[in-house]
>>> print(open('run20.cif').read())   # mmCIF, C-alpha atoms and all ligand atoms
data_work
loop_
_atom_site.label_atom_id
_atom_site.label_comp_id
_atom_site.auth_asym_id
_atom_site.auth_seq_id
_atom_site.Cartn_x
_atom_site.Cartn_y
_atom_site.Cartn_z
CA MET A 1 17.68 38.47 -7.26
CA LEU A 2 20.90 40.05 -6.05
CA ASP A 3 21.31 43.73 -6.82
CA CYS A 4 17.76 44.30 -8.02
CA THR A 5 16.30 47.49 -6.51
CA PHE A 6 12.73 46.19 -6.51
CA CYS A 7 13.70 42.80 -5.03
CA LYS A 8 15.35 44.81 -2.23
CA ILE A 9 12.19 46.85 -1.73
CA VAL A 10 10.09 43.66 -1.69
CA SER A 11 12.39 42.08 0.94
CA ARG A 12 12.47 45.37 2.95
CA GLU A 13 16.23 45.54 2.53
CA MET A 14 15.62 48.96 0.97
CA PRO A 15 13.07 51.44 2.35
CA SER A 16 10.01 52.53 0.39
CA GLN A 17 6.60 54.01 1.02
CA ILE A 18 4.42 50.95 0.65
CA VAL A 19 0.74 51.56 -0.10
CA TYR A 20 -0.35 47.92 -0.51
CA GLU A 21 1.12 44.43 -0.19
CA ASP A 22 -0.03 40.84 -0.18
CA GLU A 23 1.52 37.42 -0.79
CA GLU A 24 1.99 38.11 -4.51
CA ILE A 25 2.60 41.82 -5.00
CA VAL A 26 3.93 45.00 -3.40
CA ALA A 27 2.92 48.57 -4.34
CA PHE A 28 4.88 51.64 -3.29
CA HIS A 29 5.26 55.33 -4.18
CA ASP A 30 7.69 56.10 -7.01
CA ILE A 31 10.78 57.90 -5.68
CA ASN A 32 10.64 60.38 -8.58
CA PRO A 33 6.91 60.94 -9.14
CA GLN A 34 5.75 62.15 -12.55
CA ALA A 35 2.31 63.15 -11.25
CA PRO A 36 0.59 63.81 -7.90
CA VAL A 37 -0.05 60.06 -7.68
CA HIS A 38 2.68 57.75 -8.99
CA VAL A 39 2.74 54.24 -7.59
CA LEU A 40 4.67 51.20 -8.79
CA ILE A 41 3.03 47.78 -8.50
CA VAL A 42 5.52 44.91 -8.62
CA PRO A 43 5.35 41.13 -8.23
CA ARG A 44 7.34 39.67 -5.33
CA LYS A 45 8.75 37.28 -7.92
CA HIS A 46 11.65 38.68 -9.94
CA ILE A 47 10.45 38.82 -13.56
CA GLU A 48 12.70 41.01 -15.70
CA SER A 49 10.18 42.36 -18.19
CA VAL A 50 7.02 41.62 -20.16
CA LEU A 51 9.27 39.64 -22.50
CA ASP A 52 10.00 37.20 -19.67
CA VAL A 53 6.48 36.43 -18.47
CA THR A 54 5.28 32.83 -18.73
CA GLU A 55 1.95 31.03 -18.46
CA GLU A 56 2.61 30.48 -14.77
CA ASP A 57 2.67 34.27 -14.25
CA ARG A 58 -0.97 34.74 -15.37
CA GLY A 59 -2.20 34.89 -11.79
CA VAL A 60 0.23 37.49 -10.52
CA LEU A 61 -0.16 39.63 -13.65
CA GLY A 62 -3.92 39.60 -13.16
CA ALA A 63 -3.47 40.48 -9.49
CA MET A 64 -1.40 43.53 -10.48
CA LEU A 65 -4.31 44.87 -12.56
CA VAL A 66 -7.02 44.05 -10.05
CA ARG A 67 -5.03 45.74 -7.25
CA ALA A 68 -4.29 48.71 -9.50
CA LYS A 69 -8.02 49.39 -9.50
CA ASP A 70 -8.19 49.16 -5.69
CA ILE A 71 -5.12 51.39 -5.22
CA ALA A 72 -6.51 53.95 -7.68
CA ARG A 73 -9.66 54.09 -5.55
CA GLN A 74 -7.66 54.20 -2.32
CA LEU A 75 -5.62 57.17 -3.58
CA GLY A 76 -8.64 58.96 -5.04
CA VAL A 77 -7.74 58.98 -8.73
CA ASP A 78 -10.42 56.55 -9.91
CA GLU A 79 -13.09 59.13 -10.73
CA LYS A 80 -11.00 61.47 -12.85
CA GLY A 81 -8.92 58.71 -14.38
CA PHE A 82 -5.37 57.46 -14.37
CA ARG A 83 -2.84 55.72 -16.56
CA LEU A 84 -1.25 52.28 -16.24
CA VAL A 85 2.08 51.78 -17.98
CA ILE A 86 4.61 48.96 -18.29
CA ASN A 87 7.78 50.17 -19.96
CA THR A 88 9.54 47.35 -21.77
CA GLY A 89 13.07 47.55 -23.09
CA LYS A 90 15.42 50.26 -24.21
CA TYR A 91 13.18 52.33 -26.51
CA ALA A 92 10.45 52.46 -23.87
CA GLY A 93 12.96 53.66 -21.29
CA GLN A 94 12.78 50.70 -18.94
CA ALA A 95 15.32 51.53 -16.22
CA ILE A 96 14.67 48.74 -13.72
CA TYR A 97 14.54 45.18 -14.98
CA HIS A 98 12.01 43.87 -12.46
CA ILE A 99 8.61 44.14 -14.12
CA HIS A 100 6.48 46.97 -12.70
CA LEU A 101 3.16 48.59 -13.46
CA HIS A 102 3.19 52.40 -13.15
CA LEU A 103 -0.08 53.81 -11.80
CA ILE A 104 -0.05 57.52 -12.62
CA GLY A 105 -2.81 59.99 -11.84
CA GLY A 106 -3.90 63.23 -10.24
CA ARG A 107 -3.37 65.38 -13.32
CA ARG A 108 -4.54 65.48 -16.92
CA MET A 109 -2.25 63.56 -19.25
CA THR A 110 -1.46 63.90 -22.91
CA TRP A 111 -1.57 61.32 -25.67
CA PRO A 112 0.49 60.05 -27.39
CA PRO A 113 3.09 59.69 -24.64
CA GLY A 114 6.58 61.00 -25.37
P1 LIG A 201 10.99 52.32 -15.62
O1 LIG A 201 11.63 53.43 -16.37
O2 LIG A 201 9.65 51.93 -16.15
O3 LIG A 201 11.93 51.15 -15.42
O4 LIG A 201 10.68 52.94 -14.18
C1 LIG A 201 11.49 52.80 -13.06
C2 LIG A 201 10.87 53.68 -12.00
O5 LIG A 201 11.39 53.29 -10.74
C3 LIG A 201 11.16 55.17 -12.16
O6 LIG A 201 9.92 55.87 -12.24
C4 LIG A 201 11.95 55.52 -10.90
O7 LIG A 201 11.66 56.81 -10.42
C5 LIG A 201 11.50 54.42 -9.95
N1 LIG A 201 12.43 54.09 -8.88
C6 LIG A 201 13.75 53.84 -8.99
N2 LIG A 201 14.28 53.54 -7.78
C7 LIG A 201 13.25 53.59 -6.90
C8 LIG A 201 13.17 53.38 -5.49
N3 LIG A 201 14.23 53.05 -4.75
N4 LIG A 201 11.95 53.54 -4.91
C9 LIG A 201 10.88 53.90 -5.64
N5 LIG A 201 10.89 54.09 -6.97
C10 LIG A 201 12.08 53.95 -7.59
ZN ZN A 202 13.96 41.92 -8.82
#
>>> encode(input="run20.cif", output="structure tokens")
Amino acid sequence: MLDCTFCKIVSREMPSQIVYEDEEIVAFHDINPQAPVHVLIVPRKHIESVLDVTEEDRGVLGAMLVRAKDIARQLGVDEKGFRLVINTGKYAGQAIYHIHLHLIGGRRMTWPPG
């Protein structure tokens, strides 16, 4: 989609530090990390938010979770633990309307989130 930051990262029109990619998803370091490890996992397909997912997206959504596990291992946060977050809509603070899974780790986190 035109003018979508994550579509531009997926197409390599915009630079990013990619940690994993395959035919369905791309994962890259967040430009403004909130923890020692902060990676965003996005589908290549432009899906605006959780509110826009359809039955046909089951596969790619599953792939995002399965790869999150692999990336957590790859970046060494699997043993101590990490958090997976999908912000959805205004109150959750979603800033980029191309669905993305935050993988955050490398420090102790609090609950509930702010
Ligand atoms: P959200 O608030 O869930 O929409 O999160 C958007 C995230 O994208 C934020 O954590 C930003 O720091 C991150 N972000 C924005 N632009 C870029 C970019 N060009 N490369 C990497 N991460 C980005
Ligand atoms: Zn997009």
>>> residues_near_ligand(input="run20.cif", ligand="ligand LIG 201 (chain A)", cutoff="12 Å", atoms="all atoms listed in the file", output="JSON, numbers by chain")
{"A": [3, 4, 5, 6, 7, 8, 9, 10, 12, 13, 14, 15, 16, 17, 18, 19, 26, 27, 28, 29, 30, 31, 32, 33, 34, 35, 37, 38, 39, 40, 41, 42, 48, 49, 50, 84, 85, 86, 87, 88, 89, 90, 91, 92, 93, 94, 95, 96, 97, 98, 99, 100, 101, 102, 103, 104]}
>>> closest_residue(input="run20.cif", among="A:Glu24, A:His46, A:Ile71, A:Gly76", to="Gly59 in chain A", atoms="only C-alpha atoms")
A:Glu24
>>> residues_near_point(input="run20.cif", point="(-10.7, 56.0, -9.5)", cutoff="12 Å", atoms="only C-alpha atoms", output="list of chain:residue names")
A:Val37, A:Arg67, A:Ala68, A:Lys69, A:Asp70, A:Ile71, A:Ala72, A:Arg73, A:Gln74, A:Leu75, A:Gly76, A:Val77, A:Asp78, A:Glu79, A:Lys80, A:Gly81, A:Phe82, A:Arg83, A:Leu103, A:Ile104, A:Gly105, A:Gly106
>>> closest_residue(input="run20.cif", among="A:Asp52, A:Leu2, A:Pro36, A:Val66", to="Met109 in chain A", atoms="all atoms listed in the file")
A:Pro36
>>> closest_residue(input="run20.cif", among="A:Pro112, A:Pro43, A:Glu21, A:Glu56", to="ligand ZN 202 (chain A)", atoms="all atoms listed in the file")
A:Pro43
>>> closest_residue(input="run20.cif", among="A:Tyr20, A:Ile47, A:Leu61, A:Ile25", to="ligand ZN 202 (chain A)", atoms="all atoms listed in the file")
A:Ile47
